[in-house]
Amino acid sequence: MQGEVTVDVAAPPAEVFALVSDVTRVGEFSPETFDAEWLDGADGPAVGARFRGHVKRNGRGPVYWTTCTVVECEPERAFGFTVDFGGRVVNRWTYRLQPLGEGTELTESFELSPTLLNRLYWAAAGRWRARTNERGMTATLTRIKAVAEG
């Protein structure tokens, strides 16, 4: 109920972190989440900050909003957030950054919470959804790389 994708980016970790932690830019990078905005007066990444993302599932639909909470924010190293539904965490997305010479090794990962509903979902559609998430993460990281290197 998890997966990850890694790319090498010819840009320093500070520049890459600025891109992955600015949720208002997610529409430039993600094939599913096309808009996001900070909530509760937050204006940037910090542990505990909340934002909502506008999602078009699988790039086709349905379209809905998700509420997310930043759970990890270490400049130049990691940015992570949970996707919350009905007061419960359903998924966690994380970006990890490692210095790589003058560039950055960037990894995006997801991990579904081990709820009964998620386990049933993964049993029924896990292989398909894992491939969809892998393609989405690859597209996201490729777009981040292009902006960071541009």
# chains A, B, ... in the order shown; residues from 1 in each chain; ligands from 1
>>> residues_around(residues="Gly44 (chain A)", least_positions_apart="5", cutoff="10 Å", atoms="only C-alpha atoms", output="PyMOL selection string")
chain A and resi 21-24+37-39+49-51
>>> select_by_dssp(residues="chain A", states="strand (DSSP E)", output="NGL selection string")
:A and (2-9 or 33-38 or 50-56 or 63-74 or 78-85 or 88-100 or 103-112)
>>> write_last_selection(atoms="C-alpha atoms", output="short mmCIF file (atom, residue, chain, number, x, y, z; two decimals), in the first residue's frame")
data_model
loop_
_atom_site.label_atom_id
_atom_site.label_comp_id
_atom_site.auth_asym_id
_atom_site.auth_seq_id
_atom_site.Cartn_x
_atom_site.Cartn_y
_atom_site.Cartn_z
CA GLN A 2 2.89 2.27 -0.83
CA GLY A 3 5.22 3.26 -3.64
CA GLU A 4 7.90 5.71 -4.67
CA VAL A 5 9.67 7.23 -7.65
CA THR A 6 13.07 8.97 -7.74
CA VAL A 7 14.66 11.39 -10.22
CA ASP A 8 17.95 13.28 -10.25
CA VAL A 9 17.54 17.03 -10.59
CA THR A 33 -4.24 17.69 -8.44
CA PHE A 34 -4.77 20.79 -10.52
CA ASP A 35 -5.13 23.44 -7.81
CA ALA A 36 -4.37 23.93 -4.12
CA GLU A 37 -4.68 26.68 -1.57
CA TRP A 38 -3.50 27.19 1.98
CA ARG A 50 -3.40 22.84 6.30
CA PHE A 51 -4.28 23.19 2.65
CA ARG A 52 -6.86 21.83 0.30
CA GLY A 53 -6.21 20.31 -3.08
CA HIS A 54 -8.56 20.19 -6.03
CA VAL A 55 -8.27 16.72 -7.53
CA LYS A 56 -9.40 15.26 -10.82
CA VAL A 63 -13.44 16.05 -9.33
CA TYR A 64 -13.31 16.81 -5.60
CA TRP A 65 -11.44 18.73 -2.87
CA THR A 66 -9.21 17.05 -0.31
CA THR A 67 -7.99 18.57 2.95
CA CYS A 68 -4.34 17.99 3.73
CA THR A 69 -2.10 18.61 6.74
CA VAL A 70 1.66 19.21 6.57
CA VAL A 71 3.30 16.62 8.83
CA GLU A 72 6.93 17.03 7.79
CA CYS A 73 8.72 20.19 6.71
CA GLU A 74 12.49 20.20 6.83
CA ALA A 78 11.73 16.65 3.28
CA PHE A 79 8.16 17.81 2.78
CA GLY A 80 5.27 15.55 3.67
CA PHE A 81 1.55 15.83 4.13
CA THR A 82 -1.43 13.67 4.93
CA VAL A 83 -4.67 13.54 2.99
CA ASP A 84 -7.52 13.63 5.47
CA PHE A 85 -11.10 12.49 5.02
CA ARG A 88 -9.01 10.46 9.45
CA VAL A 89 -5.73 10.16 7.58
CA VAL A 90 -6.19 8.14 4.40
CA ASN A 91 -2.87 8.72 2.68
CA ARG A 92 0.55 10.30 3.22
CA TRP A 93 2.62 11.88 0.45
CA THR A 94 6.29 12.71 1.00
CA TYR A 95 9.07 14.34 -0.96
CA ARG A 96 12.60 13.46 0.17
CA LEU A 97 15.62 15.41 -1.05
CA GLN A 98 19.22 14.22 -0.93
CA PRO A 99 22.18 16.32 -2.09
CA LEU A 100 23.69 14.77 -5.21
CA GLY A 103 22.08 18.68 -7.68
CA THR A 104 19.37 16.82 -5.82
CA GLU A 105 18.05 13.28 -5.72
CA LEU A 106 14.29 13.80 -5.37
CA THR A 107 11.96 11.00 -4.26
CA GLU A 108 8.18 11.21 -4.11
CA SER A 109 6.32 8.52 -2.19
CA PHE A 110 2.85 7.64 -1.01
CA GLU A 111 1.63 5.37 1.76
CA LEU A 112 -2.00 4.52 2.33
#
>>> atom_distance(atom1="CA of Glu102 (chain A)", atom2="CA of Arg143 (chain A)")
19.4 Å
>>> atom_distance(atom1="CA of Leu19 (chain A)", atom2="CA of Gly126 (chain A)")
29.0 Å
>>> atom_distance(atom1="CA of Glu76 (chain A)", atom2="CA of Phe17 (chain A)")
5.3 Å
>>> select_by_dssp(residues="region 14-138 of chain A", states="alpha helix (DSSP H)", output="ChimeraX atom specification")
/A:14-20,26-29,116-138
>>> write_last_selection(atoms="N, CA and C atoms", output="CSV table (one decimal), in the first residue's frame")
chain,number,residue,atom,x,y,z
A,14,ALA,N,17.8,23.5,-2.1
A,14,ALA,CA,17.0,24.6,-1.7
A,14,ALA,C,16.0,25.0,-2.8
A,15,GLU,N,16.4,25.0,-4.0
A,15,GLU,CA,15.5,25.3,-5.2
A,15,GLU,C,14.4,24.2,-5.4
A,16,VAL,N,14.8,23.0,-5.2
A,16,VAL,CA,13.9,21.9,-5.4
A,16,VAL,C,12.9,21.9,-4.3
A,17,PHE,N,13.3,22.1,-3.0
A,17,PHE,CA,12.4,22.2,-1.9
A,17,PHE,C,11.4,23.3,-2.1
A,18,ALA,N,11.8,24.4,-2.6
A,18,ALA,CA,10.9,25.6,-2.8
A,18,ALA,C,9.8,25.1,-3.7
A,19,LEU,N,10.1,24.3,-4.7
A,19,LEU,CA,9.0,23.9,-5.7
A,19,LEU,C,8.1,22.8,-5.0
A,20,VAL,N,8.6,21.8,-4.4
A,20,VAL,CA,7.8,20.8,-3.9
A,20,VAL,C,6.9,21.2,-2.7
A,26,VAL,N,1.1,23.2,-7.4
A,26,VAL,CA,0.9,21.8,-7.7
A,26,VAL,C,0.2,21.6,-9.0
A,27,GLY,N,-0.6,22.5,-9.5
A,27,GLY,CA,-1.2,22.4,-10.8
A,27,GLY,C,-0.3,22.4,-11.9
A,28,GLU,N,0.9,22.9,-11.7
A,28,GLU,CA,2.0,22.9,-12.8
A,28,GLU,C,2.6,21.5,-12.9
A,29,PHE,N,2.5,20.7,-11.8
A,29,PHE,CA,3.3,19.5,-11.8
A,29,PHE,C,2.5,18.2,-11.8
A,116,LEU,N,-9.1,-0.6,7.3
A,116,LEU,CA,-9.8,-1.7,6.7
A,116,LEU,C,-10.3,-1.3,5.3
A,117,LEU,N,-10.8,-0.2,5.1
A,117,LEU,CA,-11.3,0.3,3.8
A,117,LEU,C,-10.2,0.4,2.8
A,118,ASN,N,-9.0,0.9,3.2
A,118,ASN,CA,-7.8,1.0,2.3
A,118,ASN,C,-7.3,-0.4,2.0
A,119,ARG,N,-7.3,-1.3,3.0
A,119,ARG,CA,-6.8,-2.7,2.7
A,119,ARG,C,-7.8,-3.4,1.7
A,120,LEU,N,-9.1,-3.2,1.8
A,120,LEU,CA,-10.0,-3.8,0.9
A,120,LEU,C,-9.8,-3.1,-0.5
A,121,TYR,N,-9.7,-1.8,-0.6
A,121,TYR,CA,-9.4,-1.1,-1.8
A,121,TYR,C,-8.2,-1.6,-2.5
A,122,TRP,N,-7.1,-1.8,-1.7
A,122,TRP,CA,-5.8,-2.2,-2.3
A,122,TRP,C,-5.9,-3.6,-2.8
A,123,ALA,N,-6.6,-4.5,-2.1
A,123,ALA,CA,-6.8,-5.9,-2.5
A,123,ALA,C,-7.5,-5.9,-3.8
A,124,ALA,N,-8.5,-5.0,-4.0
A,124,ALA,CA,-9.3,-5.0,-5.2
A,124,ALA,C,-8.7,-4.3,-6.4
A,125,ALA,N,-8.0,-3.2,-6.1
A,125,ALA,CA,-7.5,-2.3,-7.2
A,125,ALA,C,-6.1,-1.9,-7.0
A,126,GLY,N,-5.4,-2.5,-6.1
A,126,GLY,CA,-4.1,-2.0,-5.7
A,126,GLY,C,-3.0,-2.0,-6.8
A,127,ARG,N,-3.0,-3.1,-7.6
A,127,ARG,CA,-2.0,-3.2,-8.7
A,127,ARG,C,-2.3,-2.1,-9.7
A,128,TRP,N,-3.5,-1.9,-10.0
A,128,TRP,CA,-3.9,-0.8,-11.0
A,128,TRP,C,-3.6,0.5,-10.4
A,129,ARG,N,-4.0,0.8,-9.2
A,129,ARG,CA,-3.8,2.1,-8.6
A,129,ARG,C,-2.3,2.4,-8.4
A,130,ALA,N,-1.5,1.3,-8.0
A,130,ALA,CA,-0.1,1.5,-7.8
A,130,ALA,C,0.6,2.0,-9.1
A,131,ARG,N,0.2,1.4,-10.3
A,131,ARG,CA,0.7,1.8,-11.6
A,131,ARG,C,0.3,3.2,-11.9
A,132,THR,N,-1.0,3.5,-11.6
A,132,THR,CA,-1.5,4.9,-11.8
A,132,THR,C,-0.7,5.9,-11.0
A,133,ASN,N,-0.5,5.6,-9.7
A,133,ASN,CA,0.3,6.5,-8.8
A,133,ASN,C,1.8,6.6,-9.3
A,134,GLU,N,2.4,5.5,-9.8
A,134,GLU,CA,3.7,5.5,-10.3
A,134,GLU,C,3.8,6.4,-11.5
A,135,ARG,N,2.9,6.3,-12.4
A,135,ARG,CA,2.9,7.2,-13.6
A,135,ARG,C,2.7,8.6,-13.2
A,136,GLY,N,1.8,8.9,-12.2
A,136,GLY,CA,1.6,10.2,-11.8
A,136,GLY,C,2.8,10.8,-11.1
A,137,MET,N,3.4,10.0,-10.2
A,137,MET,CA,4.6,10.5,-9.6
A,137,MET,C,5.7,10.8,-10.6
A,138,THR,N,5.9,9.9,-11.5
A,138,THR,CA,6.9,10.1,-12.6
A,138,THR,C,6.6,11.4,-13.3
